[in-house]
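Here is the file data_13.txt (compact mmCIF, C-alpha atoms and all ligand atoms).
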```
# COMPACT_ATOMS: atom_id res chain seq x y z
CA MET A 1 -163.89 -127.01 61.19
CA LYS A 2 -164.19 -127.20 64.97
CA THR A 3 -162.53 -124.76 67.37
CA ARG A 4 -162.35 -124.41 71.14
CA ALA A 5 -163.54 -121.03 72.31
CA ALA A 6 -164.72 -119.12 75.38
CA ILE A 7 -168.31 -118.16 74.68
CA ALA A 8 -170.06 -115.17 76.26
CA TRP A 9 -173.62 -116.52 76.16
CA ALA A 10 -175.09 -113.64 78.18
CA ALA A 11 -174.07 -110.46 79.98
CA ASN A 12 -172.47 -110.90 83.39
CA LYS A 13 -172.27 -114.69 83.12
CA PRO A 14 -168.95 -116.56 83.21
CA LEU A 15 -167.54 -117.46 79.80
CA GLU A 16 -168.09 -121.09 78.82
CA ILE A 17 -165.34 -123.08 77.14
CA GLU A 18 -166.86 -125.12 74.35
CA GLU A 19 -166.11 -126.70 71.02
CA ILE A 20 -167.96 -124.81 68.30
CA ASP A 21 -168.11 -124.69 64.50
CA LEU A 22 -166.01 -122.30 62.45
CA GLU A 23 -166.52 -121.75 58.74
CA GLY A 24 -163.36 -121.25 56.68
CA PRO A 25 -162.18 -117.96 55.19
CA LYS A 26 -164.15 -116.44 52.32
CA LYS A 27 -162.86 -113.96 49.72
CA GLY A 28 -160.41 -111.51 51.26
CA GLU A 29 -160.37 -113.37 54.59
CA VAL A 30 -157.80 -115.39 56.52
CA LEU A 31 -158.00 -118.22 59.02
CA LEU A 32 -155.84 -117.55 62.09
CA ARG A 33 -154.60 -119.86 64.82
CA ASN A 34 -154.36 -117.78 67.96
CA VAL A 35 -151.26 -118.63 69.96
CA ALA A 36 -152.03 -116.26 72.81
CA THR A 37 -154.36 -113.47 73.79
CA GLY A 38 -154.36 -110.80 76.45
CA VAL A 39 -157.47 -109.91 78.43
CA CYS A 40 -158.21 -106.17 78.25
CA HIS A 41 -160.62 -104.21 80.40
CA THR A 42 -162.76 -103.65 77.30
CA ASP A 43 -163.53 -107.38 77.21
CA ALA A 44 -164.80 -107.10 80.81
CA TYR A 45 -166.73 -103.94 79.92
CA THR A 46 -168.59 -105.66 77.09
CA LEU A 47 -169.17 -108.81 79.15
CA SER A 48 -170.69 -106.62 81.89
CA GLY A 49 -173.46 -105.54 79.52
CA ALA A 50 -172.39 -101.85 79.65
CA ASP A 51 -171.32 -101.70 75.98
CA PRO A 52 -174.08 -100.23 73.79
CA GLU A 53 -172.69 -102.37 70.97
CA GLY A 54 -172.40 -105.49 73.13
CA LEU A 55 -173.98 -108.59 71.59
CA PHE A 56 -174.62 -112.07 72.96
CA PRO A 57 -173.75 -114.79 72.33
CA SER A 58 -170.33 -113.69 71.23
CA ILE A 59 -166.66 -114.58 71.38
CA LEU A 60 -164.77 -111.74 73.04
CA GLY A 61 -161.02 -111.03 72.89
CA HIS A 62 -159.06 -108.52 70.84
CA GLU A 63 -155.43 -108.66 72.05
CA GLY A 64 -154.10 -111.60 70.08
CA GLY A 65 -150.95 -113.04 68.62
CA ALA A 66 -151.60 -115.50 65.79
CA VAL A 67 -150.34 -117.54 62.86
CA VAL A 68 -152.02 -117.54 59.43
CA GLU A 69 -153.29 -121.09 58.77
CA GLU A 70 -155.23 -120.60 55.53
CA ILE A 71 -155.99 -117.76 53.15
CA GLY A 72 -159.22 -117.17 51.24
CA PRO A 73 -159.49 -116.24 47.54
CA GLY A 74 -157.86 -112.95 46.58
CA VAL A 75 -155.71 -112.57 49.70
CA THR A 76 -152.34 -111.09 48.73
CA SER A 77 -150.87 -109.29 51.75
CA VAL A 78 -150.27 -112.33 53.98
CA ALA A 79 -149.39 -115.97 53.41
CA VAL A 80 -149.81 -119.23 55.31
CA GLY A 81 -147.30 -119.33 58.19
CA ASP A 82 -147.07 -115.56 58.62
CA HIS A 83 -147.22 -114.24 62.18
CA VAL A 84 -149.83 -111.55 62.71
CA ILE A 85 -151.53 -109.37 65.28
CA PRO A 86 -155.31 -109.10 64.77
CA LEU A 87 -156.52 -105.51 64.39
CA TYR A 88 -159.78 -104.27 65.82
CA THR A 89 -158.99 -101.06 63.99
CA PRO A 90 -158.31 -102.39 60.48
CA GLU A 91 -156.48 -100.50 57.76
CA CYS A 92 -157.87 -100.88 54.25
CA LYS A 93 -155.62 -98.06 52.94
CA THR A 94 -158.33 -96.92 50.49
CA CYS A 95 -161.35 -95.54 52.44
CA ASN A 96 -161.56 -91.79 52.93
CA PHE A 97 -160.61 -92.22 56.60
CA CYS A 98 -157.44 -94.15 55.71
CA THR A 99 -156.46 -91.70 52.97
CA SER A 100 -157.24 -88.59 55.05
CA GLY A 101 -153.91 -88.71 56.84
CA LYS A 102 -155.83 -87.52 59.90
CA THR A 103 -156.99 -90.68 61.66
CA ASN A 104 -156.34 -94.38 62.19
CA LEU A 105 -160.08 -95.10 62.25
CA CYS A 106 -160.55 -97.08 59.03
CA GLN A 107 -164.29 -97.29 58.43
CA SER A 108 -164.42 -99.75 55.53
CA ILE A 109 -165.88 -102.60 57.65
CA ARG A 110 -166.90 -100.73 60.83
CA ALA A 111 -170.65 -101.14 60.28
CA THR A 112 -170.63 -104.96 60.08
CA GLN A 113 -167.90 -105.20 62.75
CA GLY A 114 -170.15 -103.30 65.16
CA LYS A 115 -172.92 -105.83 64.47
CA GLY A 116 -170.64 -108.74 65.32
CA LEU A 117 -170.47 -109.90 61.71
CA MET A 118 -167.91 -110.38 58.96
CA PRO A 119 -168.00 -107.84 56.08
CA ASP A 120 -170.43 -110.05 54.07
CA GLY A 121 -172.97 -109.72 56.91
CA THR A 122 -172.63 -113.28 58.26
CA SER A 123 -170.83 -114.92 61.17
CA ARG A 124 -168.22 -117.66 60.76
CA PHE A 125 -168.92 -118.98 64.29
CA SER A 126 -171.87 -121.20 65.25
CA LYS A 127 -172.96 -123.89 67.69
CA ASN A 128 -175.55 -126.48 66.64
CA GLY A 129 -176.53 -124.15 63.79
CA GLN A 130 -177.00 -121.09 66.05
CA PRO A 131 -174.76 -118.21 64.94
CA ILE A 132 -172.38 -116.74 67.53
CA HIS A 133 -171.28 -113.13 67.09
CA HIS A 134 -167.73 -111.98 66.40
CA PHE A 135 -166.42 -109.22 68.71
CA MET A 136 -164.43 -106.17 67.62
CA GLY A 137 -163.77 -108.10 64.41
CA THR A 138 -161.17 -110.22 66.20
CA SER A 139 -162.67 -112.78 68.68
CA THR A 140 -159.29 -113.86 70.00
CA PHE A 141 -160.83 -115.96 72.80
CA SER A 142 -161.13 -118.70 70.19
CA HIS A 143 -158.23 -120.98 69.25
CA TYR A 144 -159.06 -120.43 65.57
CA THR A 145 -160.72 -117.32 64.20
CA VAL A 146 -161.41 -115.76 60.79
CA LEU A 147 -160.55 -112.15 60.00
CA PRO A 148 -160.57 -109.93 56.94
CA GLU A 149 -157.10 -109.56 55.42
CA ILE A 150 -157.22 -105.81 56.11
CA ALA A 151 -157.54 -106.56 59.84
CA VAL A 152 -154.21 -108.30 60.40
CA ALA A 153 -150.77 -106.73 60.87
CA LYS A 154 -147.97 -108.98 59.63
CA ILE A 155 -145.09 -108.98 62.11
CA ARG A 156 -141.61 -110.49 62.33
CA LYS A 157 -141.48 -114.20 63.17
CA ASP A 158 -138.87 -113.94 65.91
CA ALA A 159 -141.18 -111.87 68.14
CA PRO A 160 -142.78 -114.04 70.89
CA LEU A 161 -146.53 -114.08 70.18
CA GLU A 162 -147.34 -114.78 73.84
CA LYS A 163 -145.84 -111.36 74.64
CA VAL A 164 -146.46 -109.16 71.59
CA CYS A 165 -150.16 -110.05 71.70
CA LEU A 166 -150.32 -107.18 74.22
CA LEU A 167 -149.34 -104.81 71.42
CA GLY A 168 -152.70 -105.72 69.86
CA CYS A 169 -154.38 -103.32 72.28
CA GLY A 170 -153.35 -102.09 75.74
CA ILE A 171 -149.68 -101.26 75.37
CA THR A 172 -149.93 -99.75 71.89
CA THR A 173 -153.01 -97.78 72.99
CA GLY A 174 -151.20 -96.16 75.90
CA ILE A 175 -147.96 -95.40 74.07
CA GLY A 176 -149.77 -94.29 70.91
CA ALA A 177 -152.07 -91.93 72.85
CA VAL A 178 -148.93 -90.10 74.00
CA LEU A 179 -146.84 -90.21 70.83
CA GLU A 180 -149.45 -90.21 68.04
CA THR A 181 -152.55 -88.53 69.51
CA ALA A 182 -151.24 -85.98 72.02
CA LYS A 183 -147.74 -85.70 70.53
CA VAL A 184 -146.35 -84.90 73.97
CA THR A 185 -143.33 -82.61 73.75
CA PRO A 186 -140.04 -82.93 75.70
CA GLY A 187 -140.08 -81.27 79.12
CA SER A 188 -143.88 -81.61 79.49
CA THR A 189 -145.82 -82.42 82.63
CA VAL A 190 -148.17 -85.37 82.19
CA ALA A 191 -150.91 -86.81 84.43
CA VAL A 192 -152.31 -90.29 83.89
CA PHE A 193 -155.51 -91.46 85.56
CA GLY A 194 -155.70 -95.25 85.93
CA LEU A 195 -152.69 -97.55 86.12
CA GLY A 196 -153.85 -100.66 84.30
CA GLY A 197 -152.13 -101.99 81.20
CA VAL A 198 -153.21 -98.88 79.29
CA GLY A 199 -152.34 -96.19 81.84
CA LEU A 200 -148.98 -97.79 82.64
CA SER A 201 -148.24 -97.71 78.92
CA VAL A 202 -149.09 -94.02 78.88
CA ILE A 203 -146.22 -93.71 81.38
CA GLN A 204 -143.93 -95.64 78.99
CA GLY A 205 -144.98 -93.32 76.16
CA ALA A 206 -144.42 -90.22 78.31
CA VAL A 207 -140.90 -91.41 79.11
CA MET A 208 -140.27 -92.02 75.40
CA ALA A 209 -141.55 -88.49 74.69
CA LYS A 210 -139.09 -87.16 77.32
CA ALA A 211 -141.77 -85.73 79.59
CA GLU A 212 -140.13 -84.15 82.65
CA ARG A 213 -142.82 -84.89 85.20
CA ILE A 214 -145.21 -87.86 85.07
CA ILE A 215 -147.96 -87.97 87.70
CA ALA A 216 -149.55 -91.40 88.11
CA ILE A 217 -153.01 -91.50 89.71
CA ASP A 218 -154.88 -94.57 90.95
CA ILE A 219 -157.10 -95.54 93.88
CA ASN A 220 -155.18 -98.84 94.14
CA PRO A 221 -151.76 -97.99 95.64
CA ASP A 222 -150.46 -101.46 94.71
CA LYS A 223 -150.06 -100.07 91.19
CA PHE A 224 -147.54 -97.43 92.25
CA THR A 225 -144.43 -99.64 92.43
CA PHE A 226 -144.55 -100.61 88.75
CA ALA A 227 -145.60 -97.06 87.77
CA LYS A 228 -142.43 -95.73 89.41
CA GLN A 229 -140.29 -98.43 87.78
CA LEU A 230 -141.64 -97.32 84.42
CA GLY A 231 -140.79 -93.68 85.11
CA ALA A 232 -143.61 -92.03 87.05
CA THR A 233 -142.16 -89.16 89.08
CA ASP A 234 -145.18 -88.74 91.41
CA CYS A 235 -147.87 -91.19 92.53
CA VAL A 236 -151.17 -89.85 93.81
CA ASN A 237 -154.05 -91.72 95.45
CA PRO A 238 -157.21 -89.56 95.31
CA LYS A 239 -158.41 -91.33 98.46
CA ASP A 240 -155.63 -89.60 100.43
CA TYR A 241 -157.16 -86.15 99.82
CA ASP A 242 -160.33 -84.30 100.80
CA GLN A 243 -160.26 -81.93 97.80
CA PRO A 244 -161.29 -82.95 94.28
CA ILE A 245 -158.39 -84.67 92.53
CA GLN A 246 -158.19 -81.98 89.81
CA GLN A 247 -157.50 -79.39 92.51
CA VAL A 248 -154.79 -81.59 94.02
CA ILE A 249 -153.04 -81.92 90.65
CA VAL A 250 -153.34 -78.21 89.83
CA GLU A 251 -151.74 -77.32 93.17
CA LEU A 252 -149.04 -79.95 92.73
CA THR A 253 -148.09 -78.55 89.32
CA ASN A 254 -148.38 -74.83 89.93
CA GLY A 255 -151.31 -74.34 87.56
CA GLY A 256 -152.00 -77.67 85.88
CA VAL A 257 -150.48 -80.26 83.58
CA ASP A 258 -149.61 -79.91 79.90
CA TYR A 259 -151.24 -83.24 79.06
CA SER A 260 -153.57 -85.62 80.91
CA PHE A 261 -154.84 -89.07 79.98
CA GLU A 262 -157.93 -90.83 81.31
CA ALA A 263 -157.39 -94.61 81.23
CA VAL A 264 -160.21 -95.82 83.47
CA GLY A 265 -163.54 -95.25 81.68
CA ASN A 266 -165.09 -93.14 84.48
CA VAL A 267 -166.86 -89.99 83.27
CA ASP A 268 -166.24 -88.09 86.54
CA LEU A 269 -162.55 -88.83 86.20
CA MET A 270 -162.64 -87.65 82.57
CA ARG A 271 -163.87 -84.30 83.88
CA ALA A 272 -161.14 -84.24 86.51
CA ALA A 273 -158.55 -85.10 83.85
CA LEU A 274 -159.66 -82.16 81.72
CA GLU A 275 -159.86 -79.75 84.64
CA CYS A 276 -156.36 -80.57 85.94
CA CYS A 277 -154.94 -79.29 82.63
CA HIS A 278 -153.15 -75.97 82.47
CA LYS A 279 -155.19 -72.95 81.46
CA GLY A 280 -154.40 -71.77 77.94
CA TRP A 281 -152.92 -74.97 76.51
CA GLY A 282 -153.44 -78.16 78.53
CA GLU A 283 -154.75 -81.13 76.54
CA SER A 284 -156.70 -84.06 77.95
CA ILE A 285 -156.96 -87.33 76.07
CA ILE A 286 -159.84 -89.73 76.79
CA ILE A 287 -158.81 -93.36 76.36
CA GLY A 288 -161.18 -95.13 78.78
CA VAL A 289 -164.52 -96.35 77.45
CA ALA A 290 -167.68 -95.48 79.38
CA GLY A 291 -170.90 -97.44 79.61
CA ALA A 292 -174.14 -96.96 77.71
CA GLY A 293 -175.97 -93.77 78.65
CA GLN A 294 -173.02 -92.12 80.35
CA GLU A 295 -171.97 -88.63 79.26
CA ILE A 296 -169.12 -86.24 80.00
CA SER A 297 -169.61 -82.71 81.23
CA THR A 298 -167.62 -79.68 82.28
CA ARG A 299 -168.10 -75.92 82.29
CA PRO A 300 -167.60 -74.69 78.69
CA PHE A 301 -165.36 -72.05 80.28
CA GLN A 302 -162.77 -74.82 80.72
CA LEU A 303 -162.48 -75.02 76.93
CA VAL A 304 -162.99 -71.30 76.30
CA THR A 305 -159.91 -70.75 78.41
CA GLY A 306 -157.78 -72.96 76.24
CA ARG A 307 -157.98 -76.51 77.52
CA VAL A 308 -158.48 -79.13 74.81
CA TRP A 309 -160.50 -82.35 75.09
CA ARG A 310 -159.59 -85.17 72.73
CA GLY A 311 -159.94 -88.94 72.44
CA SER A 312 -157.82 -91.78 71.19
CA ALA A 313 -158.65 -95.25 69.85
CA PHE A 314 -155.84 -97.81 69.57
CA GLY A 315 -153.48 -94.92 70.32
CA GLY A 316 -154.10 -93.38 66.92
CA VAL A 317 -151.94 -96.14 65.44
CA LYS A 318 -152.57 -97.42 61.90
CA GLY A 319 -152.24 -101.14 62.44
CA ARG A 320 -150.87 -102.58 59.22
CA SER A 321 -148.46 -99.71 58.54
CA ARG A 322 -147.25 -98.89 62.02
CA LEU A 323 -147.78 -101.81 64.41
CA PRO A 324 -144.84 -103.86 62.99
CA GLY A 325 -142.64 -100.92 64.04
CA TYR A 326 -143.95 -101.18 67.62
CA VAL A 327 -142.97 -104.87 67.56
CA ASP A 328 -139.49 -103.86 66.34
CA ARG A 329 -139.20 -101.35 69.19
CA TYR A 330 -140.17 -104.07 71.67
CA MET A 331 -137.55 -106.41 70.19
CA ALA A 332 -134.97 -103.59 70.44
CA GLY A 333 -135.77 -103.15 74.15
CA GLU A 334 -137.35 -99.73 73.67
CA ILE A 335 -140.89 -100.82 74.60
CA LYS A 336 -141.56 -102.91 77.71
CA VAL A 337 -144.06 -105.74 77.28
CA ASP A 338 -142.82 -108.75 79.31
CA GLU A 339 -143.14 -106.82 82.58
CA PHE A 340 -146.87 -106.29 81.91
CA VAL A 341 -147.59 -110.04 81.85
CA THR A 342 -148.43 -110.75 85.49
CA HIS A 343 -150.35 -114.01 84.89
CA VAL A 344 -150.29 -116.75 82.23
CA MET A 345 -153.02 -119.39 82.00
CA GLY A 346 -154.89 -121.72 79.67
CA LEU A 347 -158.24 -120.88 78.06
CA GLU A 348 -160.01 -123.04 80.66
CA ASP A 349 -159.00 -120.52 83.34
CA ILE A 350 -160.07 -117.39 81.46
CA ASN A 351 -162.75 -116.46 84.00
CA HIS A 352 -160.01 -116.26 86.61
CA ALA A 353 -158.28 -113.66 84.42
CA PHE A 354 -161.41 -111.49 84.65
CA HIS A 355 -161.50 -112.03 88.42
CA LEU A 356 -157.85 -110.93 88.79
CA MET A 357 -158.56 -107.80 86.73
CA HIS A 358 -161.61 -106.85 88.82
CA GLU A 359 -159.66 -107.40 92.04
CA GLY A 360 -156.80 -105.18 90.78
CA GLU A 361 -154.36 -108.09 91.13
CA SER A 362 -153.19 -108.31 87.52
CA ILE A 363 -151.81 -105.92 84.96
CA ARG A 364 -152.33 -108.30 82.08
CA SER A 365 -153.27 -111.98 82.09
CA VAL A 366 -152.17 -113.78 78.93
CA ILE A 367 -154.15 -116.81 77.78
CA VAL A 368 -151.95 -119.34 75.98
CA PHE A 369 -153.78 -121.81 73.70
P1 LIG A 401 -157.47 -102.02 84.01
O1 LIG A 401 -158.68 -102.57 84.65
O2 LIG A 401 -156.29 -102.91 83.86
O3 LIG A 401 -156.98 -100.72 84.79
C1 LIG A 401 -157.84 -99.72 85.24
C2 LIG A 401 -157.17 -98.99 86.40
O4 LIG A 401 -158.00 -97.90 86.78
C3 LIG A 401 -156.97 -99.87 87.63
O5 LIG A 401 -155.63 -99.81 88.08
C4 LIG A 401 -157.92 -99.25 88.67
O6 LIG A 401 -157.47 -99.36 89.99
C5 LIG A 401 -157.96 -97.81 88.19
N1 LIG A 401 -159.11 -97.05 88.66
C6 LIG A 401 -160.40 -97.47 88.78
N2 LIG A 401 -161.17 -96.48 89.25
C7 LIG A 401 -160.35 -95.41 89.45
C8 LIG A 401 -160.55 -94.10 89.95
N3 LIG A 401 -161.77 -93.66 90.31
N4 LIG A 401 -159.50 -93.27 90.03
C9 LIG A 401 -158.26 -93.69 89.65
N5 LIG A 401 -158.02 -94.92 89.17
C10 LIG A 401 -159.05 -95.78 89.08
O7 LIG A 401 -157.92 -101.46 82.59
P2 LIG A 401 -157.10 -101.28 81.21
O8 LIG A 401 -157.11 -102.55 80.46
O9 LIG A 401 -155.83 -100.57 81.49
O10 LIG A 401 -158.11 -100.28 80.44
C11 LIG A 401 -158.36 -99.00 80.93
C12 LIG A 401 -159.51 -98.34 80.17
O11 LIG A 401 -159.14 -98.10 78.83
C13 LIG A 401 -160.78 -99.18 80.10
O12 LIG A 401 -161.90 -98.31 80.11
C14 LIG A 401 -160.67 -99.84 78.73
O13 LIG A 401 -161.93 -100.24 78.25
C15 LIG A 401 -160.09 -98.68 77.95
N6 LIG A 401 -159.35 -98.99 76.71
C16 LIG A 401 -159.51 -98.12 75.68
C17 LIG A 401 -158.78 -98.29 74.52
C18 LIG A 401 -158.92 -97.32 73.39
O14 LIG A 401 -158.47 -97.63 72.28
N7 LIG A 401 -159.48 -96.15 73.61
C19 LIG A 401 -157.92 -99.40 74.41
C20 LIG A 401 -157.78 -100.25 75.50
C21 LIG A 401 -158.52 -100.05 76.66
N1 LIG A 402 -168.56 -100.07 71.58
C1 LIG A 402 -168.42 -98.98 72.52
C2 LIG A 402 -167.11 -98.26 72.41
C3 LIG A 402 -165.92 -99.16 72.65
C4 LIG A 402 -164.69 -98.42 72.21
O1 LIG A 402 -164.62 -97.19 72.28
N2 LIG A 402 -163.72 -99.16 71.73
C5 LIG A 402 -162.43 -98.58 71.37
C6 LIG A 402 -161.40 -99.62 71.54
S1 LIG A 402 -161.31 -100.20 73.20
C7 LIG A 402 -160.11 -101.37 73.07
O2 LIG A 402 -159.88 -101.94 74.27
C8 LIG A 402 -162.41 -98.16 69.90
O3 LIG A 402 -161.51 -98.49 69.14
N3 LIG A 402 -163.35 -97.38 69.51
C9 LIG A 402 -163.49 -96.94 68.14
C10 LIG A 402 -164.50 -97.78 67.43
O4 LIG A 402 -164.71 -97.55 66.24
O5 LIG A 402 -165.09 -98.68 68.07
C11 LIG A 402 -169.56 -98.00 72.41
O6 LIG A 402 -169.62 -97.07 73.22
O7 LIG A 402 -170.42 -98.20 71.52
ZN ZN A 403 -158.43 -103.40 74.60
```
For this file, write the structure as structure tokens.
Amino acid sequence: MKTRAAIAWAANKPLEIEEIDLEGPKKGEVLLRNVATGVCHTDAYTLSGADPEGLFPSILGHEGGAVVEEIGPGVTSVAVGDHVIPLYTPECKTCNFCTSGKTNLCQSIRATQGKGLMPDGTSRFSKNGQPIHHFMGTSTFSHYTVLPEIAVAKIRKDAPLEKVCLLGCGITTGIGAVLETAKVTPGSTVAVFGLGGVGLSVIQGAVMAKAERIIAIDINPDKFTFAKQLGATDCVNPKDYDQPIQQVIVELTNGGVDYSFEAVGNVDLMRAALECCHKGWGESIIIGVAGAGQEISTRPFQLVTGRVWRGSAFGGVKGRSRLPGYVDRYMAGEIKVDEFVTHVMGLEDINHAFHLMHEGESIRSVIVF
């Protein structure tokens, strides 16, 4: 069949909206009609050429809300007409990662996913016979896309797909990093570096975890109003200080925070986030993704003296088992999503969504097909 999609032909070039060819679902696969997709900073990161796994040409996008249009042979867990959220972290429920009880990082199709291919080693997308890569196993910047059955979370049909698409990455990632990865305890002090869709959702998660003090840090002070509305108790702009930001936070908290979260993707900030943690017990969670060749560093003494460095992908959330519950919590008014949608546009304007993100003018742009 044909589908309209935004193609990333090369790094750092605007996406091009074109009609391309899409092969139907094979065994264990489903054809999805995307209704809406968010634009996450990770899409911009890969488009920039900084992603060591970045491939071109490809169809980016991983924050979708979709309807199942067709199922391939052997598909049992979803049916035509079901509403789903595509999962870049699938959940096969049988690999040793899934059964470990220790991680959400299902590895059953990770190798082919990282190569921009479906599990059988081929792409479903092409243009004039030239294959186009999938991205993160989801490629939600295409009206129609094909995914393995294990990479879709079936959700309730009354949830608006043009909103809950944001639960496909940014919002779940931020909340999950607090509740599932760090397991922030009531009364804690939390610092969050970066107030995009992810960092602002860390604030939501910290409020849900009953953190007492939530310090929001960003170099763009325009982000502070929404951060405070969500529950940040302090807003700090590193540009207002001469000292390193970790020193500012340690002084502000009489010794450091219980938990910190890096939601920018800047390795210097990752160090600051670790070093603003309290001696003896403070935990820092890396959420941001850093470019090829970049590395983190700190004095080992920081860890010897009890600080803990951890990371979180998709907030540690197992998509098929747990994401429907996040949708329920949104529908019950316990998770804010609507407020994160600052811009809505058609696929033809998707490059503007990237522009708004780079200018710090949006929290999330939602593309409606
Ligand atoms: P975003 O672009 O919407 O927000 C980033 C924020 O960081 C902006 O408000 C910006 O002003 C701020 N910032 C930039 N430099 C800063 C600095 N030096 N100090 C303080 N703040 C600074 O991005 P997003 O969509 O919220 O994503 C944030 C990061 O998380 C990205 O690296 C993204 O790739 C990553 N991410 C990771 C996961 C995961 O599963 N680990 C999931 C989603 C996104
Ligand atoms: N491909 C990059 C890493 C990118 C990355 O870390 N992706 C996150 C999700 S970001 C969503 O916005 C993730 O889930 N990572 C786990 C995984 O298996 O990819 C690189 O550095 O190679
Ligand atoms: Zn994302």
Which residues come within 6 Å of Ile150 of chain A, counting only C-alpha atoms, excluding same-chain residues fewer than 6 positions away, as a CSV table (one decimal) with C-alpha atoms, in the frame of the given file?
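What follows is the written file out.csv:
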```csv
chain,number,residue,atom,x,y,z
A,90,PRO,CA,-158.3,-102.4,60.5
A,91,GLU,CA,-156.5,-100.5,57.8
A,92,CYS,CA,-157.9,-100.9,54.2
```
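What separates atom CA of Tyr144 of chain A from atom CA of Arg33 of chain A is a distance of 4.6 Å.
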Q) Mind listing the residues within 6 Å of ligand ZN 403 (chain A), all atoms listed in the file counted, as a PyMOL selection string? A) chain A and resi 40+42+169-170
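Closest approach to Phe135 of chain A among A:Val84, A:Gly174, A:His62, A:Pro119 is made by A:His62 (distances from all atoms listed in the file).
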Q: Write out as a ChimeraX atom specification which residues come within 8 Å of Ile20 of chain A when counting only C-alpha atoms, dropping same-chain ones fewer than 5 positions away.
A: /A:2-5,125-128
Taking C-alpha atoms for each residue, export the selection above as an mmCIF file, in the coordinates of the input.
```cif
data_model
loop_
_atom_site.group_PDB
_atom_site.id
_atom_site.type_symbol
_atom_site.label_atom_id
_atom_site.label_comp_id
_atom_site.auth_asym_id
_atom_site.auth_seq_id
_atom_site.Cartn_x
_atom_site.Cartn_y
_atom_site.Cartn_z
ATOM 1 C CA LYS A 2 -164.190 -127.200 64.970
ATOM 2 C CA THR A 3 -162.530 -124.760 67.370
ATOM 3 C CA ARG A 4 -162.350 -124.410 71.140
ATOM 4 C CA ALA A 5 -163.540 -121.030 72.310
ATOM 5 C CA PHE A 125 -168.920 -118.980 64.290
ATOM 6 C CA SER A 126 -171.870 -121.200 65.250
ATOM 7 C CA LYS A 127 -172.960 -123.890 67.690
ATOM 8 C CA ASN A 128 -175.550 -126.480 66.640
#
```
Proximity check chain A to ligand LIG 401 (chain A), 7 Å, nearest pairs one decimal Å, all atoms listed in the file, as a tab-separated table:
```
residue	atom	partner	partner_atom	distance
A:Cys40	CA	A:LIG401	O8	4.4
A:His41	CA	A:LIG401	O8	3.9
A:Thr42	CA	A:LIG401	O13	3.6
A:Tyr45	CA	A:LIG401	O13	6.3
A:Cys169	CA	A:LIG401	C20	5.6
A:Gly170	CA	A:LIG401	C20	4.8
A:Thr173	CA	A:LIG401	C19	5.4
A:Phe193	CA	A:LIG401	C9	5.4
A:Gly194	CA	A:LIG401	O4	3.6
A:Leu195	CA	A:LIG401	O5	4.2
A:Gly196	CA	A:LIG401	O3	3.2
A:Gly197	CA	A:LIG401	O9	4.0
A:Val198	CA	A:LIG401	O9	3.8
A:Gly199	CA	A:LIG401	O9	5.6
A:Ile217	CA	A:LIG401	C9	5.7
A:Asp218	CA	A:LIG401	N5	3.6
A:Ile219	CA	A:LIG401	C9	4.8
A:Asn220	CA	A:LIG401	O6	4.8
A:Lys223	CA	A:LIG401	O5	6.4
A:Pro238	CA	A:LIG401	N4	6.8
A:Ala263	CA	A:LIG401	C12	4.4
A:Val264	CA	A:LIG401	C12	4.2
A:Gly265	CA	A:LIG401	O12	3.8
A:Asn266	CA	A:LIG401	N3	6.7
A:Leu269	CA	A:LIG401	N3	6.4
A:Ile287	CA	A:LIG401	N7	4.0
A:Gly288	CA	A:LIG401	O12	3.5
A:Val289	CA	A:LIG401	O12	4.2
A:Ala290	CA	A:LIG401	O12	6.5
A:Ser312	CA	A:LIG401	N7	5.3
A:Ala313	CA	A:LIG401	O14	3.4
A:Phe314	CA	A:LIG401	O14	3.8
A:Gly315	CA	A:LIG401	O14	6.0
A:Met357	CA	A:LIG401	O1	5.6
A:His358	CA	A:LIG401	O1	6.7
A:Gly360	CA	A:LIG401	O6	5.9
A:Ile363	CA	A:LIG401	O2	5.5
A:Arg364	CA	A:LIG401	O2	6.9
```
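As for atom CA of Val327 of chain A and atom CA of Leu161 of chain A, they are spaced 10.2 Å apart.
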Q.
Taking (-143.7, -95.6, 88.5) in the coordinates of the supplied file, I want to know which residues reach to within 9 Å of it, counting all atoms listed in the file; could you give the answer as an MDAnalysis selection string?
A. chainID A and resid 200 203 214:216 223:235
Gly72 of chain A: which residues within 8 Å, counting all atoms listed in the file, same-chain residues fewer than 3 positions away excluded, as a PDB file with C-alpha atoms, keeping the file's coordinate frame?
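And here's out.pdb as it stands now:
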```pdb
ATOM      1  CA  GLY A  24    -163.360-121.250  56.680  1.00  0.00           C
ATOM      2  CA  PRO A  25    -162.180-117.960  55.190  1.00  0.00           C
ATOM      3  CA  LYS A  26    -164.150-116.440  52.320  1.00  0.00           C
ATOM      4  CA  LYS A  27    -162.860-113.960  49.720  1.00  0.00           C
ATOM      5  CA  GLY A  28    -160.410-111.510  51.260  1.00  0.00           C
ATOM      6  CA  GLU A  29    -160.370-113.370  54.590  1.00  0.00           C
ATOM      7  CA  VAL A  30    -157.800-115.390  56.520  1.00  0.00           C
ATOM      8  CA  LEU A  31    -158.000-118.220  59.020  1.00  0.00           C
ATOM      9  CA  VAL A  75    -155.710-112.570  49.700  1.00  0.00           C
TER      10      VAL A  75
END
```
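Taking atom CA of Ala292 of chain A and atom CA of Pro52 of chain A as the two end points, the separation is 5.1 Å.
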